[in-house]
$ cat work.cif   # mmCIF, C-alpha atoms
data_work
#
loop_
_atom_site.label_atom_id
_atom_site.label_comp_id
_atom_site.auth_asym_id
_atom_site.auth_seq_id
_atom_site.Cartn_x
_atom_site.Cartn_y
_atom_site.Cartn_z
CA MET A 234 32.25 -10.87 -148.47
CA ALA A 235 31.17 -7.26 -149.12
CA ALA A 236 29.39 -8.21 -152.36
CA PRO A 237 26.25 -9.74 -150.73
CA ARG A 238 25.88 -6.72 -148.44
CA ALA A 239 26.26 -4.37 -151.43
CA GLN A 240 23.74 -6.44 -153.33
CA ARG A 241 21.24 -6.25 -150.47
CA ALA A 242 21.72 -2.47 -150.23
CA ASP A 243 21.33 -2.27 -154.00
CA ALA A 244 18.14 -4.35 -153.81
CA ARG A 245 16.76 -2.07 -151.07
CA ARG A 246 17.50 0.99 -153.21
CA ASN A 247 15.82 -0.66 -156.21
CA ILE A 248 12.73 -1.54 -154.17
CA ALA A 249 12.51 2.02 -152.80
CA ALA A 250 12.95 3.48 -156.30
CA ILE A 251 10.31 1.13 -157.71
CA LEU A 252 7.80 1.96 -154.97
CA ASP A 253 8.45 5.70 -155.30
CA ALA A 254 8.05 5.55 -159.08
CA ALA A 255 4.98 3.30 -158.89
CA THR A 256 3.31 5.61 -156.38
CA GLU A 257 3.94 8.65 -158.55
CA CYS A 258 2.99 6.89 -161.80
CA LEU A 259 -0.19 5.26 -160.46
CA ALA A 260 -1.28 8.52 -158.81
CA ARG A 261 -1.18 10.08 -162.28
CA ASP A 262 -2.50 7.10 -164.26
CA PRO A 263 -4.00 4.04 -162.53
CA GLU A 264 -3.38 2.01 -165.71
CA MET A 265 0.33 2.85 -165.97
CA SER A 266 2.18 -0.09 -167.46
CA ILE A 267 4.87 -2.06 -165.66
CA ALA A 268 7.28 -0.93 -168.38
CA GLY A 269 6.41 2.70 -167.65
CA ILE A 270 6.88 2.22 -163.91
CA ALA A 271 10.20 0.41 -164.41
CA ALA A 272 11.44 3.20 -166.69
CA ALA A 273 10.41 5.86 -164.16
CA ALA A 274 12.25 3.90 -161.44
CA GLY A 275 15.36 3.63 -163.59
CA VAL A 276 15.31 -0.17 -163.55
CA GLY A 277 14.50 -2.82 -166.12
CA ARG A 278 11.30 -4.85 -166.14
CA ILE A 279 13.29 -7.94 -165.13
CA THR A 280 14.57 -6.12 -162.03
CA LEU A 281 11.07 -4.92 -161.19
CA TYR A 282 9.64 -8.43 -161.58
CA GLY A 283 12.52 -9.74 -159.46
CA HIS A 284 11.07 -7.79 -156.52
CA PHE A 285 7.35 -7.83 -157.38
CA LYS A 286 6.25 -11.03 -159.14
CA THR A 287 3.03 -9.53 -160.55
CA ARG A 288 1.46 -6.14 -161.17
CA ALA A 289 -0.98 -6.99 -158.36
CA ASP A 290 1.95 -7.51 -155.95
CA LEU A 291 3.35 -4.09 -156.88
CA VAL A 292 -0.02 -2.35 -156.59
CA ASP A 293 -0.59 -4.04 -153.21
CA ALA A 294 2.78 -2.78 -151.94
CA VAL A 295 2.02 0.75 -153.17
CA LEU A 296 -1.43 0.70 -151.54
CA VAL A 297 -0.04 -0.54 -148.21
CA ARG A 298 2.72 2.05 -148.22
CA THR A 299 0.34 4.88 -149.21
CA VAL A 300 -2.24 4.01 -146.55
CA GLN A 301 0.51 3.76 -143.90
CA GLN A 302 1.76 7.21 -144.88
CA CYS A 303 -1.79 8.57 -144.77
CA ASP A 304 -2.34 7.03 -141.35
CA GLU A 305 0.79 8.78 -140.07
CA ILE A 306 -0.54 12.09 -141.40
CA LEU A 307 -3.91 11.46 -139.75
CA ASP A 308 -2.12 10.90 -136.41
CA ALA A 309 -1.72 14.69 -136.31
CA THR A 310 -5.48 15.25 -136.61
CA ASP A 311 -7.11 16.29 -133.34
CA THR A 312 -10.03 13.94 -132.70
CA SER A 313 -10.57 15.01 -129.09
CA GLY A 314 -13.39 17.11 -127.72
CA ASP A 315 -16.83 17.38 -129.27
CA PRO A 316 -17.35 14.27 -131.46
CA ALA A 317 -19.15 16.22 -134.21
CA GLY A 318 -16.29 18.72 -134.45
CA ALA A 319 -13.74 15.91 -134.31
CA LEU A 320 -15.57 14.13 -137.15
CA GLY A 321 -15.36 17.30 -139.24
CA ARG A 322 -11.61 17.60 -138.63
CA LEU A 323 -11.02 13.92 -139.42
CA VAL A 324 -13.07 14.14 -142.62
CA ALA A 325 -11.21 17.29 -143.74
CA SER A 326 -7.82 15.60 -143.23
CA SER A 327 -8.93 12.28 -144.69
CA TRP A 328 -10.61 13.86 -147.68
CA GLN A 329 -7.42 15.54 -148.85
CA LEU A 330 -5.65 12.17 -148.77
CA VAL A 331 -8.45 10.21 -150.46
CA HIS A 332 -8.64 12.85 -153.18
CA GLN A 333 -4.86 12.96 -153.66
CA PHE A 334 -4.45 9.19 -153.88
CA ARG A 335 -7.72 8.30 -155.62
CA ASN A 336 -5.97 6.83 -158.66
CA ILE A 337 -3.92 4.49 -156.49
CA LEU A 338 -7.18 3.16 -155.10
CA LEU A 339 -8.50 2.75 -158.66
CA ALA A 340 -5.40 0.75 -159.58
CA ALA A 341 -5.93 -1.38 -156.47
CA GLN A 342 -9.58 -1.97 -157.32
CA ARG A 343 -8.50 -3.34 -160.70
CA GLU A 344 -5.87 -5.66 -159.24
CA LEU A 345 -6.89 -6.65 -155.71
CA PRO A 346 -9.90 -8.19 -153.98
CA ALA A 347 -12.20 -5.72 -152.21
CA GLU A 348 -11.54 -7.40 -148.85
CA ARG A 349 -7.79 -6.84 -149.24
CA ILE A 350 -8.32 -3.15 -149.98
CA ARG A 351 -10.63 -2.75 -147.00
CA GLY A 352 -8.18 -4.69 -144.81
CA VAL A 353 -5.33 -2.36 -145.71
CA HIS A 354 -7.49 0.48 -144.39
CA ASP A 355 -7.93 -1.21 -140.97
CA ARG A 356 -5.84 1.27 -138.96
CA ILE A 357 -7.60 4.25 -140.50
CA LEU A 358 -11.00 2.60 -140.03
CA SER A 359 -10.17 1.86 -136.39
CA ARG A 360 -9.63 5.62 -135.99
CA VAL A 361 -13.16 6.18 -137.37
CA GLN A 362 -14.51 3.44 -135.08
CA SER A 363 -12.91 5.08 -132.04
CA LEU A 364 -14.48 8.41 -132.96
CA ILE A 365 -17.90 6.79 -133.44
CA GLU A 366 -17.59 5.08 -130.05
CA GLN A 367 -16.68 8.42 -128.48
CA GLY A 368 -19.73 10.03 -130.11
CA GLN A 369 -22.02 7.20 -129.02
CA ARG A 370 -20.83 7.47 -125.41
CA ALA A 371 -21.48 11.22 -125.49
CA GLY A 372 -24.93 10.70 -127.04
CA THR A 373 -23.86 12.70 -130.12
CA PHE A 374 -23.99 9.71 -132.49
CA ARG A 375 -26.78 7.18 -132.82
CA ARG A 376 -26.69 3.76 -131.22
CA ASP A 377 -29.65 2.21 -133.06
CA LEU A 378 -27.55 1.21 -136.09
CA PRO A 379 -24.66 -1.25 -136.03
CA GLN A 380 -21.36 0.50 -135.44
CA GLN A 381 -19.80 -1.37 -138.37
CA TRP A 382 -22.50 0.09 -140.63
CA LEU A 383 -21.60 3.62 -139.54
CA ILE A 384 -17.92 2.90 -140.30
CA THR A 385 -18.86 1.47 -143.71
CA THR A 386 -20.98 4.56 -144.39
CA ALA A 387 -18.03 6.87 -143.67
CA TYR A 388 -15.62 4.78 -145.77
CA SER A 389 -18.02 4.45 -148.71
CA LEU A 390 -19.07 8.09 -148.72
CA MET A 391 -15.46 9.29 -148.71
CA HIS A 392 -14.60 7.15 -151.73
CA ALA A 393 -17.86 8.00 -153.52
CA ALA A 394 -16.98 11.69 -153.14
CA ALA A 395 -13.58 11.01 -154.73
CA GLU A 396 -15.31 9.34 -157.70
CA ASP A 397 -17.75 12.23 -158.09
CA THR A 398 -14.92 14.76 -157.90
CA ALA A 399 -12.95 12.92 -160.59
CA ALA A 400 -16.07 12.78 -162.79
CA GLY A 401 -16.65 16.53 -162.38
CA ARG A 402 -19.90 16.12 -160.45
CA LEU A 403 -18.46 17.54 -157.21
CA ASP A 404 -16.04 20.39 -156.57
CA ALA A 405 -13.09 19.13 -154.52
CA ASP A 406 -13.20 22.29 -152.38
CA ASP A 407 -16.80 21.52 -151.35
CA ALA A 408 -16.31 17.80 -150.69
CA ALA A 409 -15.15 17.81 -147.05
CA GLY A 410 -18.08 19.99 -145.97
CA LEU A 411 -20.59 17.88 -147.89
CA ILE A 412 -19.15 14.62 -146.56
CA THR A 413 -19.23 15.94 -142.98
CA ALA A 414 -22.80 17.25 -143.32
CA THR A 415 -23.97 13.94 -144.78
CA LEU A 416 -22.24 11.87 -142.08
CA LEU A 417 -23.57 14.06 -139.28
CA ALA A 418 -27.09 13.71 -140.71
CA ALA A 419 -26.63 9.93 -140.82
CA PHE A 420 -24.93 9.66 -137.40
CA THR A 421 -27.12 12.05 -135.36
CA PRO A 422 -29.81 10.34 -133.25
CA HIS A 423 -33.39 11.07 -134.23
CA GLN A 424 -35.17 13.34 -131.78
CA GLY A 425 -38.66 12.29 -130.77
CA GLY A 426 -41.18 10.83 -133.18
#
$ encode --input "work.cif" --output "structure tokens"
Amino acid sequence: MAAPRAQRADARRNIAAILDAATECLARDPEMSIAGIAAAAGVGRITLYGHFKTRADLVDAVLVRTVQQCDEILDATDTSGDPAGALGRLVASSWQLVHQFRNILLAAQRELPAERIRGVHDRILSRVQSLIEQGQRAGTFRRDLPQQWLITTAYSLMHAAAEDTAAGRLDADDAAGLITATLLAAFTPHQGG
């Protein structure tokens, strides 16, 4: 009777080891092979495929787990008070995570539909939406553009900065300030004519 319980515990340990190894491997190399991930996890390819039927399934699980962990980190970011200041703090926190896990996103873009990737970001994007709503109520952020467009602008700019940093066109230390300045320019209502 203890064998099925031990097997389930063993399976849970294997899944955790696979996800840990896949996260680490894909963060280093978005094209890491399944064989490389299995070896890093200390399991065989057959064991890995027993838990994740395809590379896309594994990448999806890594993306979901990574974004959930990032969302938990962002919970500690103070988004109260002045909306412009709160946006700067949220961008600074988010930028570090986007930059750190950029290769996982690249792996996801190669394996998953764009809508799935965007959907995984829903909780983080709802945080951005809440901040935009706060800024619109305070008159700090513009109301003449669709709110969804402002959210898309923030999401797209953050990921574009990660691409430029990886390509050497942007210094990672400058990115958060540039992203914040660009978003504030885009979000601030126009004064007069």
$ closest_residue --input "work.cif" --among "A:Leu338, A:Ala399, A:Ala271, A:Leu364" --to "Ala387 in chain A" --atoms "all atoms listed in the file"
A:Leu364
$ closest_atom_pairs --input "work.cif" --of "range 301-384 of chain A" --to "range 257-264 of chain A" --cutoff "7 Å" --atoms "only C-alpha atoms" --output "JSON lines"
{"residue": "A:Phe334", "atom": "CA", "partner": "A:Ala260", "partner_atom": "CA", "distance": 5.9}
{"residue": "A:Asn336", "atom": "CA", "partner": "A:Ala260", "partner_atom": "CA", "distance": 5.0}
{"residue": "A:Ile337", "atom": "CA", "partner": "A:Ala260", "partner_atom": "CA", "distance": 5.3}
{"residue": "A:Leu339", "atom": "CA", "partner": "A:Pro263", "partner_atom": "CA", "distance": 6.1}
{"residue": "A:Ala340", "atom": "CA", "partner": "A:Pro263", "partner_atom": "CA", "distance": 4.6}
$ closest_residue --input "work.cif" --among "A:Thr310, A:Asp355, A:Ala242, A:Val324" --to "Ala394 in chain A" --atoms "only C-alpha atoms"
A:Val324
$ residues_around --input "work.cif" --residues "Thr287 in chain A" --least-positions-apart "6" --cutoff "12 Å" --atoms "all atoms listed in the file" --output "tab-separated table (two decimals) with C-alpha atoms, in the coordinates of the input"
chain	number	residue	atom	x	y	z
A	266	SER	CA	2.18	-0.09	-167.46
A	267	ILE	CA	4.87	-2.06	-165.66
A	278	ARG	CA	11.30	-4.85	-166.14
A	279	ILE	CA	13.29	-7.94	-165.13
A	281	LEU	CA	11.07	-4.92	-161.19
A	293	ASP	CA	-0.59	-4.04	-153.21
A	294	ALA	CA	2.78	-2.78	-151.94
A	344	GLU	CA	-5.87	-5.66	-159.24
A	345	LEU	CA	-6.89	-6.65	-155.71
$ atom_distance --input "work.cif" --atom1 "CA of Val361 in chain A" --atom2 "CA of Ala255 in chain A"
28.3 Å
$ atom_distance --input "work.cif" --atom1 "CA of Phe420 in chain A" --atom2 "CA of Ile357 in chain A"
18.4 Å
$ atom_distance --input "work.cif" --atom1 "CA of Ile251 in chain A" --atom2 "CA of Gly275 in chain A"
8.1 Å
$ closest_residue --input "work.cif" --among "A:Cys303, A:Ala325, A:Ile365, A:Val276" --to "Asp406 in chain A" --atoms "only C-alpha atoms"
A:Ala325
$ resolve_selection --input "work.cif" --expression "the PyMOL selection byres ((chain A and resi 312) around 12)" --output "list of chain:residue names"
A:Leu307, A:Asp308, A:Ala309, A:Thr310, A:Asp311, A:Ser313, A:Gly314, A:Asp315, A:Pro316, A:Ala317, A:Gly318, A:Ala319, A:Leu320, A:Gly321, A:Arg322, A:Leu323, A:Val324, A:Ala325, A:Ser326, A:Arg360, A:Val361, A:Gln362, A:Ser363, A:Leu364, A:Ile365, A:Glu366, A:Gln367, A:Gly368
$ write_last_selection --input "work.cif" --atoms "C-alpha atoms" --output "PDB file, in the coordinates of the input"
ATOM      1  CA  LEU A 307      -3.910  11.460-139.750  1.00  0.00           C
ATOM      2  CA  ASP A 308      -2.120  10.900-136.410  1.00  0.00           C
ATOM      3  CA  ALA A 309      -1.720  14.690-136.310  1.00  0.00           C
ATOM      4  CA  THR A 310      -5.480  15.250-136.610  1.00  0.00           C
ATOM      5  CA  ASP A 311      -7.110  16.290-133.340  1.00  0.00           C
ATOM      6  CA  SER A 313     -10.570  15.010-129.090  1.00  0.00           C
ATOM      7  CA  GLY A 314     -13.390  17.110-127.720  1.00  0.00           C
ATOM      8  CA  ASP A 315     -16.830  17.380-129.270  1.00  0.00           C
ATOM      9  CA  PRO A 316     -17.350  14.270-131.460  1.00  0.00           C
ATOM     10  CA  ALA A 317     -19.150  16.220-134.210  1.00  0.00           C
ATOM     11  CA  GLY A 318     -16.290  18.720-134.450  1.00  0.00           C
ATOM     12  CA  ALA A 319     -13.740  15.910-134.310  1.00  0.00           C
ATOM     13  CA  LEU A 320     -15.570  14.130-137.150  1.00  0.00           C
ATOM     14  CA  GLY A 321     -15.360  17.300-139.240  1.00  0.00           C
ATOM     15  CA  ARG A 322     -11.610  17.600-138.630  1.00  0.00           C
ATOM     16  CA  LEU A 323     -11.020  13.920-139.420  1.00  0.00           C
ATOM     17  CA  VAL A 324     -13.070  14.140-142.620  1.00  0.00           C
ATOM     18  CA  ALA A 325     -11.210  17.290-143.740  1.00  0.00           C
ATOM     19  CA  SER A 326      -7.820  15.600-143.230  1.00  0.00           C
ATOM     20  CA  ARG A 360      -9.630   5.620-135.990  1.00  0.00           C
ATOM     21  CA  VAL A 361     -13.160   6.180-137.370  1.00  0.00           C
ATOM     22  CA  GLN A 362     -14.510   3.440-135.080  1.00  0.00           C
ATOM     23  CA  SER A 363     -12.910   5.080-132.040  1.00  0.00           C
ATOM     24  CA  LEU A 364     -14.480   8.410-132.960  1.00  0.00           C
ATOM     25  CA  ILE A 365     -17.900   6.790-133.440  1.00  0.00           C
ATOM     26  CA  GLU A 366     -17.590   5.080-130.050  1.00  0.00           C
ATOM     27  CA  GLN A 367     -16.680   8.420-128.480  1.00  0.00           C
ATOM     28  CA  GLY A 368     -19.730  10.030-130.110  1.00  0.00           C
TER      29      GLY A 368
END
$ residues_around --input "work.cif" --residues "His392 in chain A" --least-positions-apart "6" --cutoff "9 Å" --atoms "only C-alpha atoms" --output "PyMOL selection string"
chain A and resi 328+331-332+335
$ resolve_selection --input "work.cif" --expression "the PyMOL selection byres ((chain A and resi 405) around 12)" --output "ChimeraX atom specification"
/A:325,328-333,391,394-404,406-412
$ axis_aligned_box --input "work.cif" --around "range 270-283 of chain A" --padding-each-side "8 Å" --output "JSON"
{"center_x": 11.1, "center_y": -1.9, "center_z": -163.1, "size_x": 24.5, "size_y": 31.6, "size_z": 23.2}
$ closest_residue --input "work.cif" --among "A:His423, A:Arg245, A:Arg349, A:Lys286" --to "Gly372 in chain A" --atoms "all atoms listed in the file"
A:His423
$ residues_around --input "work.cif" --residues "Val300 in chain A" --least-positions-apart "6" --cutoff "9 Å" --atoms "all atoms listed in the file" --output "list in words"
Val353, His354, Arg356 and Ile357 of chain A
$ decode --input "work.cif" --residues "range 400-414 of chain A" --atoms "N, CA and C atoms" --output "short mmCIF file (atom, residue, chain, number, x, y, z; two decimals), in the first residue's frame"
data_model
loop_
_atom_site.label_atom_id
_atom_site.label_comp_id
_atom_site.auth_asym_id
_atom_site.auth_seq_id
_atom_site.Cartn_x
_atom_site.Cartn_y
_atom_site.Cartn_z
N ALA A 400 20.45 42.87 -26.83
CA ALA A 400 21.16 43.16 -28.08
C ALA A 400 22.29 44.18 -27.89
N GLY A 401 22.42 44.71 -26.67
CA GLY A 401 23.48 45.68 -26.40
C GLY A 401 23.14 47.10 -26.80
N ARG A 402 21.89 47.37 -27.12
CA ARG A 402 21.49 48.72 -27.51
C ARG A 402 21.05 49.57 -26.32
N LEU A 403 20.89 48.94 -25.15
CA LEU A 403 20.42 49.64 -23.96
C LEU A 403 21.14 49.07 -22.76
N ASP A 404 21.63 49.94 -21.90
CA ASP A 404 22.29 49.51 -20.67
C ASP A 404 21.21 49.12 -19.66
N ALA A 405 21.33 47.94 -19.09
CA ALA A 405 20.32 47.43 -18.15
C ALA A 405 20.11 48.38 -16.97
N ASP A 406 21.18 49.07 -16.55
CA ASP A 406 21.07 49.99 -15.42
C ASP A 406 20.25 51.24 -15.75
N ASP A 407 20.15 51.56 -17.03
CA ASP A 407 19.39 52.74 -17.46
C ASP A 407 17.94 52.42 -17.80
N ALA A 408 17.64 51.14 -17.98
CA ALA A 408 16.35 50.74 -18.54
C ALA A 408 15.16 51.19 -17.72
N ALA A 409 15.14 50.97 -16.42
CA ALA A 409 13.97 51.31 -15.61
C ALA A 409 13.64 52.80 -15.71
N GLY A 410 14.67 53.64 -15.66
CA GLY A 410 14.44 55.09 -15.78
C GLY A 410 13.91 55.47 -17.14
N LEU A 411 14.44 54.85 -18.19
CA LEU A 411 13.97 55.16 -19.54
C LEU A 411 12.54 54.65 -19.76
N ILE A 412 12.25 53.47 -19.26
CA ILE A 412 10.89 52.92 -19.39
C ILE A 412 9.91 53.84 -18.67
N THR A 413 10.24 54.23 -17.44
CA THR A 413 9.35 55.09 -16.65
C THR A 413 9.14 56.43 -17.35
N ALA A 414 10.22 57.04 -17.82
CA ALA A 414 10.11 58.34 -18.51
C ALA A 414 9.23 58.22 -19.75
#
